[in-house]
Each structure stands twice: as structure tokens, then as C-alpha cells.
$ cat structure39.tsv   # TSV, C-alpha atoms and all ligand atoms
chain	number	residue	atom	x	y	z
A	1	MET	CA	78.45	77.15	119.91
A	2	PRO	CA	78.43	73.35	119.40
A	3	SER	CA	76.54	71.48	122.09
A	4	GLY	CA	78.71	70.12	124.88
A	5	LEU	CA	81.58	72.49	124.19
A	6	CYS	CA	80.83	74.68	127.23
A	7	ASP	CA	81.06	71.69	129.56
A	8	ARG	CA	84.22	70.56	127.86
A	9	ILE	CA	85.87	73.94	128.23
A	10	ARG	CA	84.81	74.45	131.83
A	11	THR	CA	86.22	71.11	132.93
A	12	VAL	CA	89.61	71.61	131.25
A	13	PRO	CA	92.31	72.19	133.86
A	14	LEU	CA	94.41	75.29	133.20
A	15	ALA	CA	97.58	73.21	133.12
A	16	CYS	CA	96.34	71.60	129.90
A	17	THR	CA	95.76	74.89	128.16
A	18	VAL	CA	98.29	74.43	125.39
A	19	ASP	CA	96.93	71.04	124.46
A	20	VAL	CA	93.42	72.47	124.53
A	21	PHE	CA	94.34	75.12	122.00
A	22	CYS	CA	95.46	72.41	119.65
A	23	ALA	CA	92.68	69.94	120.38
A	24	LEU	CA	89.85	72.41	119.91
A	25	ARG	CA	89.25	73.37	116.31
A	26	ARG	CA	89.07	77.01	115.27
A	27	PRO	CA	87.01	79.18	115.82
A	28	TRP	CA	86.43	77.50	119.18
A	29	THR	CA	89.91	78.56	120.34
A	30	ALA	CA	88.70	82.12	120.77
A	31	VAL	CA	85.83	80.85	122.91
A	32	ALA	CA	88.27	78.73	124.91
A	33	SER	CA	90.48	81.72	125.69
A	34	ILE	CA	87.48	83.68	127.00
A	35	PHE	CA	86.38	80.82	129.26
A	36	LEU	CA	89.88	80.09	130.48
A	37	GLY	CA	90.72	83.72	131.21
A	38	GLU	CA	94.40	84.68	131.48
A	39	VAL	CA	96.31	81.83	129.89
A	40	GLU	CA	99.75	81.47	128.45
A	41	GLU	CA	99.49	80.78	124.73
A	42	VAL	CA	102.92	79.40	123.93
A	43	MET	CA	102.77	77.13	120.90
A	44	ILE	CA	106.45	76.61	120.29
A	45	LYS	CA	108.81	76.21	123.19
A	46	ILE	CA	112.52	75.67	122.58
A	47	ASN	CA	114.50	75.00	125.71
A	48	SER	CA	118.33	74.85	125.75
A	49	LEU	CA	118.38	73.08	122.39
A	50	THR	CA	121.87	71.88	121.46
A	51	LYS	CA	123.30	69.98	118.47
A	52	ARG	CA	126.90	68.96	117.83
A	53	PHE	CA	128.39	67.52	114.65
A	54	GLY	CA	131.61	65.97	115.93
A	55	GLU	CA	133.51	68.77	117.66
A	56	HIS	CA	131.42	71.46	115.97
A	57	VAL	CA	128.56	72.94	118.00
A	58	ALA	CA	125.92	73.86	115.39
A	59	VAL	CA	123.19	74.85	117.87
A	60	ASP	CA	124.32	76.01	121.27
A	61	ASN	CA	121.90	76.06	124.20
A	62	LEU	CA	119.20	77.87	122.23
A	63	SER	CA	115.96	78.89	123.97
A	64	PHE	CA	112.96	80.90	122.81
A	65	GLU	CA	109.18	80.68	122.60
A	66	VAL	CA	106.69	81.58	119.90
A	67	SER	CA	103.04	82.51	120.53
A	68	PRO	CA	99.94	82.23	118.33
A	69	GLY	CA	99.67	84.99	115.74
A	70	GLU	CA	103.40	85.53	115.43
A	71	VAL	CA	105.34	85.39	112.16
A	72	LEU	CA	108.84	84.77	113.40
A	73	GLY	CA	111.85	85.53	111.24
A	74	PHE	CA	114.67	83.21	112.18
A	75	LEU	CA	117.77	85.08	111.06
A	76	GLY	CA	121.43	84.30	110.89
A	77	PRO	CA	124.38	84.26	108.52
A	78	ASN	CA	125.30	81.13	106.52
A	79	GLY	CA	126.05	78.25	108.86
A	80	ALA	CA	124.43	79.96	111.88
A	81	GLY	CA	122.39	76.86	112.73
A	82	LYS	CA	118.98	77.85	111.37
A	83	SER	CA	118.28	74.69	109.37
A	84	THR	CA	119.67	72.48	112.12
A	85	THR	CA	117.32	74.13	114.63
A	86	MET	CA	114.37	73.69	112.27
A	87	LYS	CA	115.23	70.03	111.68
A	88	MET	CA	115.26	69.43	115.44
A	89	LEU	CA	112.05	71.40	115.90
A	90	THR	CA	110.31	69.29	113.27
A	91	GLY	CA	111.63	65.96	114.58
A	92	PHE	CA	113.98	65.19	111.69
A	93	LEU	CA	117.14	65.50	113.77
A	94	THR	CA	117.66	64.40	117.36
A	95	PRO	CA	119.12	67.06	119.67
A	96	ASP	CA	122.16	66.33	121.84
A	97	GLY	CA	120.65	68.43	124.58
A	98	GLY	CA	117.55	70.40	125.49
A	99	SER	CA	114.02	69.97	124.23
A	100	ALA	CA	111.37	71.46	121.96
A	101	SER	CA	107.61	71.25	122.06
A	102	ILE	CA	104.86	72.18	119.63
A	103	CYS	CA	101.42	72.87	121.09
A	104	GLY	CA	102.51	71.16	124.29
A	105	PHE	CA	103.75	67.98	122.56
A	106	ASP	CA	107.42	67.19	123.08
A	107	ILE	CA	109.06	66.59	119.71
A	108	GLY	CA	111.34	63.91	121.19
A	109	THR	CA	108.79	61.84	123.10
A	110	GLN	CA	105.49	62.73	121.38
A	111	THR	CA	106.90	63.08	117.88
A	112	LEU	CA	103.79	62.14	115.86
A	113	GLN	CA	101.42	64.31	117.90
A	114	ALA	CA	103.83	67.23	117.57
A	115	GLN	CA	104.30	66.68	113.83
A	116	ARG	CA	100.53	66.62	113.30
A	117	GLN	CA	100.39	70.22	114.52
A	118	MET	CA	102.86	71.51	111.96
A	119	GLY	CA	103.63	71.88	108.29
A	120	TYR	CA	107.26	71.96	107.23
A	121	LEU	CA	108.89	73.29	104.09
A	122	PRO	CA	112.49	72.05	104.19
A	123	GLU	CA	115.33	74.04	102.64
A	124	GLY	CA	115.16	73.78	98.84
A	125	ALA	CA	111.64	72.33	99.07
A	126	PRO	CA	112.56	68.82	97.98
A	127	CYS	CA	109.65	67.02	96.39
A	128	TYR	CA	109.34	63.80	94.39
A	129	GLY	CA	110.41	65.14	91.00
A	130	ASP	CA	108.81	62.48	88.81
A	131	MET	CA	105.38	62.78	90.46
A	132	ARG	CA	102.72	65.04	88.99
A	133	VAL	CA	101.59	67.91	91.22
A	134	ARG	CA	98.09	66.53	91.79
A	135	GLY	CA	99.35	63.02	92.57
A	136	PHE	CA	102.01	64.39	94.93
A	137	LEU	CA	99.53	66.50	96.90
A	138	GLU	CA	97.04	63.63	97.10
A	139	PHE	CA	99.83	61.34	98.29
A	140	ILE	CA	100.93	63.79	101.02
A	141	ALA	CA	97.28	64.29	102.06
A	142	GLU	CA	96.98	60.51	102.42
A	143	VAL	CA	100.15	60.40	104.51
A	144	ARG	CA	98.68	63.17	106.66
A	145	GLY	CA	95.72	60.87	107.34
A	146	LEU	CA	93.18	62.68	105.17
A	147	ARG	CA	90.71	60.40	103.40
A	148	GLY	CA	87.85	60.55	100.86
A	149	ALA	CA	85.97	63.83	100.51
A	150	GLU	CA	88.05	65.52	103.21
A	151	ARG	CA	91.23	64.70	101.27
A	152	GLN	CA	89.76	66.15	98.05
A	153	ARG	CA	88.55	69.24	99.90
A	154	GLN	CA	91.93	69.97	101.49
A	155	VAL	CA	93.86	69.33	98.27
A	156	ALA	CA	91.48	71.70	96.42
A	157	ARG	CA	91.93	74.34	99.16
A	158	ALA	CA	95.74	74.16	99.00
A	159	VAL	CA	95.69	74.20	95.18
A	160	GLU	CA	93.50	77.28	95.21
A	161	GLN	CA	95.52	79.06	97.90
A	162	LEU	CA	98.83	78.45	96.10
A	163	GLN	CA	97.33	78.98	92.63
A	164	LEU	CA	98.47	75.63	91.29
A	165	GLU	CA	95.49	74.93	89.01
A	166	GLY	CA	97.55	75.42	85.84
A	167	VAL	CA	100.28	72.93	86.75
A	168	LEU	CA	98.36	70.07	88.38
A	169	GLY	CA	99.14	67.67	85.53
A	170	GLN	CA	102.82	68.60	85.27
A	171	THR	CA	105.65	66.59	86.82
A	172	ILE	CA	107.36	68.47	89.66
A	173	GLU	CA	110.83	68.31	88.09
A	174	THR	CA	109.58	70.29	85.06
A	175	LEU	CA	108.24	73.17	87.19
A	176	SER	CA	109.98	76.54	87.62
A	177	LYS	CA	111.63	77.18	91.00
A	178	GLY	CA	108.77	79.46	92.02
A	179	PHE	CA	106.15	76.79	91.29
A	180	LYS	CA	108.25	74.10	93.02
A	181	ARG	CA	108.31	76.31	96.11
A	182	ARG	CA	104.56	76.79	95.85
A	183	VAL	CA	104.07	73.02	95.67
A	184	GLY	CA	106.30	72.75	98.75
A	185	LEU	CA	104.13	75.29	100.55
A	186	ALA	CA	100.95	73.53	99.42
A	187	GLN	CA	102.09	70.20	100.90
A	188	ALA	CA	102.97	72.02	104.14
A	189	ILE	CA	99.45	73.45	104.60
A	190	LEU	CA	97.40	70.44	103.41
A	191	HIS	CA	96.33	69.43	106.92
A	192	ASP	CA	95.68	73.07	107.96
A	193	PRO	CA	98.39	73.03	110.64
A	194	GLN	CA	98.62	75.44	113.55
A	195	VAL	CA	102.35	75.90	113.02
A	196	LEU	CA	104.21	76.40	109.73
A	197	ILE	CA	107.98	76.01	109.66
A	198	LEU	CA	109.46	77.35	106.41
A	199	ASP	CA	113.19	77.01	105.77
A	200	GLU	CA	114.31	79.81	103.43
A	201	PRO	CA	111.00	79.87	101.52
A	202	THR	CA	112.10	82.55	99.02
A	203	ASP	CA	115.72	81.46	98.53
A	204	GLY	CA	116.69	81.41	94.84
A	205	LEU	CA	113.48	83.01	93.61
A	206	ASP	CA	113.37	86.03	91.31
A	207	PRO	CA	111.97	89.31	92.72
A	208	ASN	CA	108.47	88.66	91.36
A	209	GLN	CA	108.36	85.15	92.77
A	210	LYS	CA	109.72	86.42	96.13
A	211	HIS	CA	106.95	88.99	96.24
A	212	GLN	CA	104.36	86.30	95.47
A	213	VAL	CA	105.64	83.86	98.08
A	214	ARG	CA	105.77	86.63	100.72
A	215	GLY	CA	102.19	87.50	99.88
A	216	LEU	CA	101.25	83.86	100.36
A	217	ILE	CA	103.01	83.73	103.73
A	218	GLN	CA	101.13	86.83	104.86
A	219	GLN	CA	97.91	85.24	103.66
A	220	LEU	CA	98.70	82.01	105.55
A	221	ALA	CA	99.65	83.98	108.65
A	222	SER	CA	96.52	86.09	108.60
A	223	ASP	CA	94.83	83.56	110.85
A	224	SER	CA	95.73	84.95	114.25
A	225	ASN	CA	95.80	81.53	115.92
A	226	LYS	CA	98.65	80.29	113.78
A	227	ILE	CA	102.40	80.58	113.90
A	228	VAL	CA	104.72	80.91	110.93
A	229	VAL	CA	108.47	80.52	111.44
A	230	ILE	CA	110.62	81.53	108.46
A	231	SER	CA	114.35	81.09	108.36
A	232	THR	CA	116.11	83.59	106.17
A	233	HIS	CA	119.19	85.71	105.75
A	234	ILE	CA	117.26	88.18	103.62
A	235	LEU	CA	116.60	91.16	105.88
A	236	GLU	CA	113.95	92.77	103.69
A	237	GLU	CA	111.90	89.63	104.31
A	238	VAL	CA	111.82	90.41	108.01
A	239	SER	CA	110.47	93.92	107.42
A	240	ALA	CA	108.06	92.58	104.78
A	241	VAL	CA	106.40	89.70	106.64
A	242	CYS	CA	107.65	89.15	110.19
A	243	SER	CA	106.15	90.41	113.43
A	244	ARG	CA	109.23	89.32	115.36
A	245	ALA	CA	112.81	88.32	114.61
A	246	VAL	CA	115.25	86.05	116.39
A	247	VAL	CA	118.88	86.47	115.33
A	248	ILE	CA	121.38	83.67	115.84
A	249	ALA	CA	125.03	83.10	114.94
A	250	HIS	CA	127.20	80.09	115.77
A	251	GLY	CA	124.04	78.48	117.10
A	252	ARG	CA	123.62	81.11	119.83
A	253	LEU	CA	120.84	83.63	120.33
A	254	LEU	CA	122.01	87.20	119.68
A	255	ALA	CA	118.79	89.23	119.58
A	256	ASP	CA	115.04	88.79	119.86
A	257	GLY	CA	112.54	91.56	119.11
A	258	THR	CA	110.09	93.11	116.70
A	259	PRO	CA	111.54	94.57	113.47
A	260	ASP	CA	110.92	98.04	114.98
A	261	GLU	CA	112.86	97.14	118.12
A	262	LEU	CA	115.75	95.81	116.07
A	263	GLU	CA	115.75	98.89	113.84
A	264	ALA	CA	115.85	101.05	116.97
A	265	ARG	CA	119.22	99.44	117.78
A	266	SER	CA	120.67	100.78	114.54
A	267	ARG	CA	123.07	103.73	114.61
A	268	TYR	CA	120.84	105.17	111.86
A	269	HIS	CA	117.71	105.14	114.05
A	270	GLN	CA	116.25	108.69	113.86
A	271	ALA	CA	119.09	109.75	111.52
A	272	VAL	CA	118.17	112.53	109.11
A	273	THR	CA	119.34	112.43	105.51
A	274	LEU	CA	119.51	115.56	103.36
A	275	SER	CA	119.87	115.39	99.58
A	276	LEU	CA	121.47	118.64	98.52
A	277	GLN	CA	121.93	120.45	95.24
A	278	GLN	CA	125.38	121.66	96.41
A	279	PRO	CA	127.70	120.33	99.15
A	280	VAL	CA	127.50	122.39	102.38
A	281	ASP	CA	129.59	123.09	105.47
A	282	THR	CA	128.36	120.46	107.94
A	283	GLN	CA	129.99	122.02	111.05
A	284	PRO	CA	126.75	123.75	112.20
A	285	LEU	CA	125.01	120.35	112.13
A	286	LEU	CA	127.53	118.93	114.59
A	287	ALA	CA	126.75	121.78	117.01
A	288	LEU	CA	123.03	120.86	117.20
A	289	PRO	CA	121.88	119.18	120.44
A	290	GLY	CA	121.40	115.42	120.06
A	291	VAL	CA	123.58	115.14	116.94
A	292	GLN	CA	126.15	112.40	117.24
A	293	GLY	CA	127.89	112.63	113.88
A	294	VAL	CA	127.62	113.32	110.18
A	295	GLU	CA	128.25	111.02	107.23
A	296	LEU	CA	128.75	112.26	103.68
A	297	ALA	CA	127.95	110.44	100.44
A	298	ARG	CA	127.64	111.27	96.73
A	299	ASP	CA	130.54	113.79	96.88
A	300	GLY	CA	128.87	115.70	99.68
A	301	HIS	CA	125.49	115.91	97.92
A	302	GLN	CA	124.02	113.59	100.54
A	303	VAL	CA	124.46	114.24	104.25
A	304	THR	CA	123.26	111.80	106.92
A	305	VAL	CA	123.05	113.30	110.38
A	306	LEU	CA	123.23	110.67	113.13
A	307	ALA	CA	121.14	111.07	116.29
A	308	ALA	CA	122.31	110.24	119.80
A	309	PRO	CA	120.26	107.40	121.39
A	310	GLY	CA	116.81	108.71	122.30
A	311	ALA	CA	117.32	112.07	120.54
A	312	VAL	CA	114.88	113.41	117.91
A	313	ILE	CA	116.83	115.76	115.65
A	314	PHE	CA	114.61	116.06	112.58
A	315	PRO	CA	113.00	119.45	113.53
A	316	ALA	CA	116.35	121.05	114.43
A	317	VAL	CA	118.06	119.78	111.26
A	318	GLY	CA	115.17	121.06	109.11
A	319	GLU	CA	115.28	124.45	110.83
A	320	LEU	CA	119.06	124.74	110.39
A	321	ALA	CA	118.78	123.89	106.69
A	322	ARG	CA	116.17	126.65	106.34
A	323	GLN	CA	118.30	129.20	108.22
A	324	GLN	CA	121.40	128.33	106.17
A	325	GLN	CA	119.34	128.45	102.96
A	326	TRP	CA	120.65	125.10	101.82
A	327	GLN	CA	119.19	123.86	98.53
A	328	VAL	CA	117.53	120.73	99.93
A	329	GLN	CA	115.99	118.36	97.40
A	330	GLU	CA	114.91	115.79	99.96
A	331	LEU	CA	114.87	115.52	103.74
A	332	SER	CA	114.04	112.20	105.35
A	333	VAL	CA	114.20	110.57	108.76
A	334	GLU	CA	115.26	106.93	109.11
A	335	ARG	CA	113.73	104.15	111.21
A	336	GLY	CA	117.07	102.35	111.33
A	337	ARG	CA	118.83	99.83	109.11
A	338	LEU	CA	118.27	96.17	109.83
A	339	ASP	CA	121.24	95.16	107.69
A	340	GLU	CA	123.56	97.30	109.82
A	341	VAL	CA	122.13	95.86	113.07
A	342	PHE	CA	122.47	92.35	111.67
A	343	ARG	CA	126.10	92.94	110.55
A	344	ARG	CA	127.06	94.50	113.89
A	345	LEU	CA	125.42	91.74	115.94
A	346	THR	CA	126.99	88.95	113.95
A	347	ALA	CA	130.40	90.69	113.75
A	348	GLU	CA	130.42	91.17	117.55
A	349	GLU	CA	129.64	87.47	117.92
A	350	ALA	CA	132.51	86.52	115.59
A	351	ALA	CA	135.00	88.84	117.44
B	401	LIG	N1	124.88	66.77	108.86
B	401	LIG	C1	125.86	67.61	109.19
B	401	LIG	N2	127.11	67.15	109.45
B	401	LIG	C2	128.10	67.98	109.80
B	401	LIG	N3	127.95	69.33	109.94
B	401	LIG	C3	126.73	69.84	109.67
B	401	LIG	C4	125.63	69.00	109.30
B	401	LIG	N4	124.55	69.80	109.12
B	401	LIG	C5	124.95	71.06	109.38
B	401	LIG	N5	126.26	71.07	109.72
B	401	LIG	C6	127.04	72.26	110.09
B	401	LIG	O1	126.35	72.92	111.14
B	401	LIG	C7	126.42	74.34	110.99
B	401	LIG	C8	125.02	74.91	110.91
B	401	LIG	O2	124.45	74.51	109.67
B	401	LIG	P1	122.97	74.95	109.25
B	401	LIG	O3	122.69	74.29	107.94
B	401	LIG	O4	122.04	74.67	110.36
B	401	LIG	O5	123.15	76.52	109.08
B	401	LIG	P2	122.15	77.56	108.43
B	401	LIG	O6	122.07	78.72	109.37
B	401	LIG	O7	120.88	76.92	108.04
B	401	LIG	O8	122.99	78.00	107.15
B	401	LIG	P3	122.49	78.48	105.67
B	401	LIG	O9	121.91	79.85	105.86
B	401	LIG	O10	123.76	78.52	104.90
B	401	LIG	O11	121.49	77.48	105.15
B	401	LIG	C9	127.26	74.58	109.73
B	401	LIG	O12	128.59	74.81	110.13
B	401	LIG	C10	127.12	73.28	108.96
B	401	LIG	O13	128.26	73.04	108.17
$ encode --input "structure39.tsv" --output "C-alpha cells"
Amino acid sequence: MPSGLCDRIRTVPLACTVDVFCALRRPWTAVASIFLGEVEEVMIKINSLTKRFGEHVAVDNLSFEVSPGEVLGFLGPNGAGKSTTMKMLTGFLTPDGGSASICGFDIGTQTLQAQRQMGYLPEGAPCYGDMRVRGFLEFIAEVRGLRGAERQRQVARAVEQLQLEGVLGQTIETLSKGFKRRVGLAQAILHDPQVLILDEPTDGLDPNQKHQVRGLIQQLASDSNKIVVISTHILEEVSAVCSRAVVIAHGRLLADGTPDELEARSRYHQAVTLSLQQPVDTQPLLALPGVQGVELARDGHQVTVLAAPGAVIFPAVGELARQQQWQVQELSVERGRLDEVFRRLTAEEAA
């Protein structure tokens, strides 16, 4: 451990914990948490955040917190208020009410300190199109206060992490969408921030590029002290990269939980689907304990048996299929469907 650190940690009052986590450089944070014992590690705190555009309330009294190690999916339909929330969180838009803090720094009153803790990829990843990739990254590094060898080191790290070696001499406007997004991500991580805010990072990318960018996000999030917040309306993204999801519509919070918790709210949670060679009489299925309903697809060749909340019906359905000698090609149990949960939540909100 570096000399003097012990004294520094011991004399830190608990009330300053959040600032300490930002002030101390990794890997010292782990040491700090041991010395400080039970501490609350909230890095992002959003409290009753509100934004109006004229009569329209874009963000409505929104509150939630994000802790180190979380990859938060910020979900909502078009116009839900995701980008507006992110702009307020990053200090690019002033709220009409409420507050937000990053690592203990209030974005309204300690804007620069708060912004130093985060990297931000705005929607569409706007960059200076006529700049070359290397020049752009060096420029942003300079703006971030990096100088000399440290600047070169951090630019090289970001270039390597985002695999930009092949396009360093190219102007940004001539890059493919996928590479533009990578350059956007590279500028966001140049100063190795504790918090990454990414507004629709995979929007408009082809499936291969989406896969690549998700891999990069997972790589960036693998440091357990960091936070990544991703806004998206792509539900597969939540299952692919997020440890937690917050769903909003009309600027209001509708749900907050892990992908598993959200899937458990689906009517298809624990549902059993049978793929059959021939359609069958589904009446006996309805008589099984814990079965709430049956849905047919593919002209009766696919039967989905819905489970009552808390019921596990897979063994009974399998046994019935065996007894009835149904020609079953496939039998599977579902975790739940995020898209159905999302549609139901947002439809209820609209009603
Ligand atoms: N500068 C602005 N002036 C007026 N209205 C705005 C402004 N910015 C956003 N809005 C409105 O606020 C609401 C929320 O917009 P926002 O861009 O935050 O939604 P979003 O969830 O990010 O949507 P999307 O998924 O389509 O990007 C929308 O109704 C939008 O039209």
C-alpha cells in the first residue's frame, strides 16, 4: 500500500465516503472499503429530477440511485425522457426541479467536479466530422486536462480498447457508423472515468456492430468499481449487458429491477412451450394444478402453457405429455419475456 494512505483513510469521516471513493485511485478503493467498514456506495443519485419544455413535462419527479459495479439499462419508449434525463445528469441541461449528483458532486453546483467523474456518449455520438480520429482524441484528452506522456498513454489505451488503430488517420465523417460510435466511446473513456453515460450506444448499428459494441461495454464495465448507464429501447440489450434496468415512460419511473426480476413479472414466466408433430387436445393441460391458460401457435403445432404466479408446472406438463403419448419435438420452460413486460408497463402508463 502507498505510504501515508492508511493515515489518510483512517482520518476520513464516514460522511465523506462518496467523495473518498472518487478521490482515491483504484485499486485503493477496495482498501478504503475495508477500512471504512459498512458504507453506502452510491455513485449516482437522482432526486426528484424534473424537466419541462413549455407545458410538456419531459421528466417528471424522477428518483433513483446507481451503485458501483452496476450496468444500468435505462429503458423507455420513444419520447420517454431518457435523453433529457441523461443531459441533466451530465450537466448539459438545467433541471426545473430536483437534483443529481455523481460521486457526491452535485451536477448543478459542482458541475466541473461532477463532469470529471464521468464519460458521456451523447445520442448519435456527434463528433467533429472534419477532424482525423487521432487529432480528435488528442484534442479531447487535452480538454480533459491530460498532458504530455499521460495524454499519449491514455489516447493509446482508448485506441487499443476500441480497436481504432486502422482508422487513426481517417477523418471522422468518412467512418462507418460502427467506427463513429467507437470513436464516441473512446472519447468517453479517455480520462478513465468512474461513471459512463451512454445514450443509445448501439442505435443504428448492424447486428455485428451491435454485438461488438455490447462486448466493449461489458469489457468497460468489468471493473467492479465503475458504473455504466445505457439508455436504450432495445430489450435484448438489457438481457445482454445490464445488471439492472430502470423503465420510464412520460418521464416517470415505472419499474426498477434486475433483468431476472423484470422477466419474473412476465405472464410467460415459468410458461412451458411444447412443439408438437400433431395438434393435440389441450383440455387436460388446463386441468393441471398451477396452469393458468394455454396459447396455441403454428396451427396448434406449438402450445404454450401459462403458469399461475409462483407455480412450477414443467414436471407436470412433461408427465402429461408422456401419459398422453404426444409426439413432442421440443419442450422448454421460459424465464419470461422482457418485451411483454415492457409493453404492458408502458401501455398501463399510457392508459
Ligand atoms: N429541446 C426540447 N424542446 C422541446 N421538447 C423537447 C426537447 N427535448 C426533448 N423534448 C421532448 O421531451 C420528450 C422527451 O424527449 P427525450 O429525447 O428525452 O426522449 P427519449 O426517451 O430519449 O426518446 P428517444 O428514445 O426517441 O430518443 C419528448 O416528448 C421530446 O419531444
$ residues_around --input "structure39.tsv" --residues "Phe105 of chain A" --least-positions-apart "5" --cutoff "7 Å" --atoms "all atoms listed in the file" --output "list in words"
Gln110, Gln113 and Ala114 of chain A
$ closest_residue --input "structure39.tsv" --among "A:Asn208, A:Ser332, A:Ser222, A:Ser231" --to "ligand LIG 401 (chain B)" --atoms "all atoms listed in the file"
A:Ser231
$ closest_atom_pairs --input "structure39.tsv" --of "chain A" --to "ligand LIG 401 (chain B)" --cutoff "6 Å" --atoms "all atoms listed in the file" --output "JSON lines"
{"residue": "A:Phe53", "atom": "CA", "partner": "B:LIG401", "partner_atom": "C2", "distance": 4.9}
{"residue": "A:Ala58", "atom": "CA", "partner": "B:LIG401", "partner_atom": "O1", "distance": 4.4}
{"residue": "A:Gly76", "atom": "CA", "partner": "B:LIG401", "partner_atom": "O6", "distance": 5.8}
{"residue": "A:Pro77", "atom": "CA", "partner": "B:LIG401", "partner_atom": "O9", "distance": 5.7}
{"residue": "A:Asn78", "atom": "CA", "partner": "B:LIG401", "partner_atom": "O10", "distance": 3.4}
{"residue": "A:Gly79", "atom": "CA", "partner": "B:LIG401", "partner_atom": "O5", "distance": 3.4}
{"residue": "A:Ala80", "atom": "CA", "partner": "B:LIG401", "partner_atom": "O6", "distance": 3.7}
{"residue": "A:Gly81", "atom": "CA", "partner": "B:LIG401", "partner_atom": "O4", "distance": 3.2}
{"residue": "A:Lys82", "atom": "CA", "partner": "B:LIG401", "partner_atom": "O6", "distance": 3.8}
{"residue": "A:Ser83", "atom": "CA", "partner": "B:LIG401", "partner_atom": "O7", "distance": 3.7}
{"residue": "A:Thr84", "atom": "CA", "partner": "B:LIG401", "partner_atom": "O4", "distance": 3.7}
$ residues_around --input "structure39.tsv" --residues "segment 257-260 of chain A" --least-positions-apart "4" --cutoff "6 Å" --atoms "only C-alpha atoms" --output "mmCIF file with C-alpha atoms, keeping the file's coordinate frame"
data_model
loop_
_atom_site.group_PDB
_atom_site.id
_atom_site.type_symbol
_atom_site.label_atom_id
_atom_site.label_comp_id
_atom_site.auth_asym_id
_atom_site.auth_seq_id
_atom_site.Cartn_x
_atom_site.Cartn_y
_atom_site.Cartn_z
ATOM 1 C CA SER A 243 106.150 90.410 113.430
ATOM 2 C CA ARG A 244 109.230 89.320 115.360
ATOM 3 C CA ALA A 245 112.810 88.320 114.610
#
$ atom_distance --input "structure39.tsv" --atom1 "atom CA of Lys87 of chain A" --atom2 "atom CA of Arg116 of chain A"
15.2 Å
$ residues_around --input "structure39.tsv" --residues "Gln187 of chain A" --least-positions-apart "4" --cutoff "9 Å" --atoms "only C-alpha atoms" --output "ChimeraX atom specification"
/A:119-121,136-137,140-141,155,158,182-183,191
$ residues_around --input "structure39.tsv" --residues "Leu235 of chain A" --least-positions-apart "5" --cutoff "9 Å" --atoms "only C-alpha atoms" --output "list of chain:residue names"
A:Leu75, A:Ala240, A:Leu338, A:Asp339, A:Phe342
$ atom_distance --input "structure39.tsv" --atom1 "atom CA of Ala100 of chain A" --atom2 "atom CA of Ile230 of chain A"
16.9 Å
$ residues_around --input "structure39.tsv" --residues "Gly135 of chain A" --least-positions-apart "2" --cutoff "10 Å" --atoms "all atoms listed in the file" --output "list of chain:residue names"
A:Met131, A:Arg132, A:Val133, A:Leu137, A:Glu138, A:Phe139, A:Ile140, A:Ala141, A:Leu168, A:Gly169, A:Gln170, A:Thr171
$ closest_residue --input "structure39.tsv" --among "A:Thr90, A:Gln161, A:Ser239, A:Ser275" --to "Val213 of chain A" --atoms "all atoms listed in the file"
A:Gln161
$ closest_residue --input "structure39.tsv" --among "A:Ile189, A:Gly104, A:Pro284, A:Ser176" --to "Gln323 of chain A" --atoms "all atoms listed in the file"
A:Pro284
$ closest_residue --input "structure39.tsv" --among "A:Thr174, A:Thr111, A:Thr85, A:Asn225" --to "Val59 of chain A" --atoms "only C-alpha atoms"
A:Thr85
$ atom_distance --input "structure39.tsv" --atom1 "atom CA of Thr94 of chain A" --atom2 "atom CA of Cys127 of chain A"
22.6 Å
$ closest_residue --input "structure39.tsv" --among "A:Arg337, A:Tyr268, A:Leu285, A:Gln219" --to "Gly318 of chain A" --atoms "only C-alpha atoms"
A:Leu285
$ closest_residue --input "structure39.tsv" --among "A:Lys226, A:Arg265, A:Arg153, A:Arg181" --to "Val42 of chain A" --atoms "all atoms listed in the file"
A:Lys226
$ residues_near_point --input "structure39.tsv" --point "(114.1, 77.3, 124.8)" --cutoff "7 Å" --atoms "all atoms listed in the file" --output "list of chain:residue names"
A:Lys45, A:Ile46, A:Asn47, A:Ser48, A:Leu49, A:Leu62, A:Ser63, A:Phe64, A:Glu65
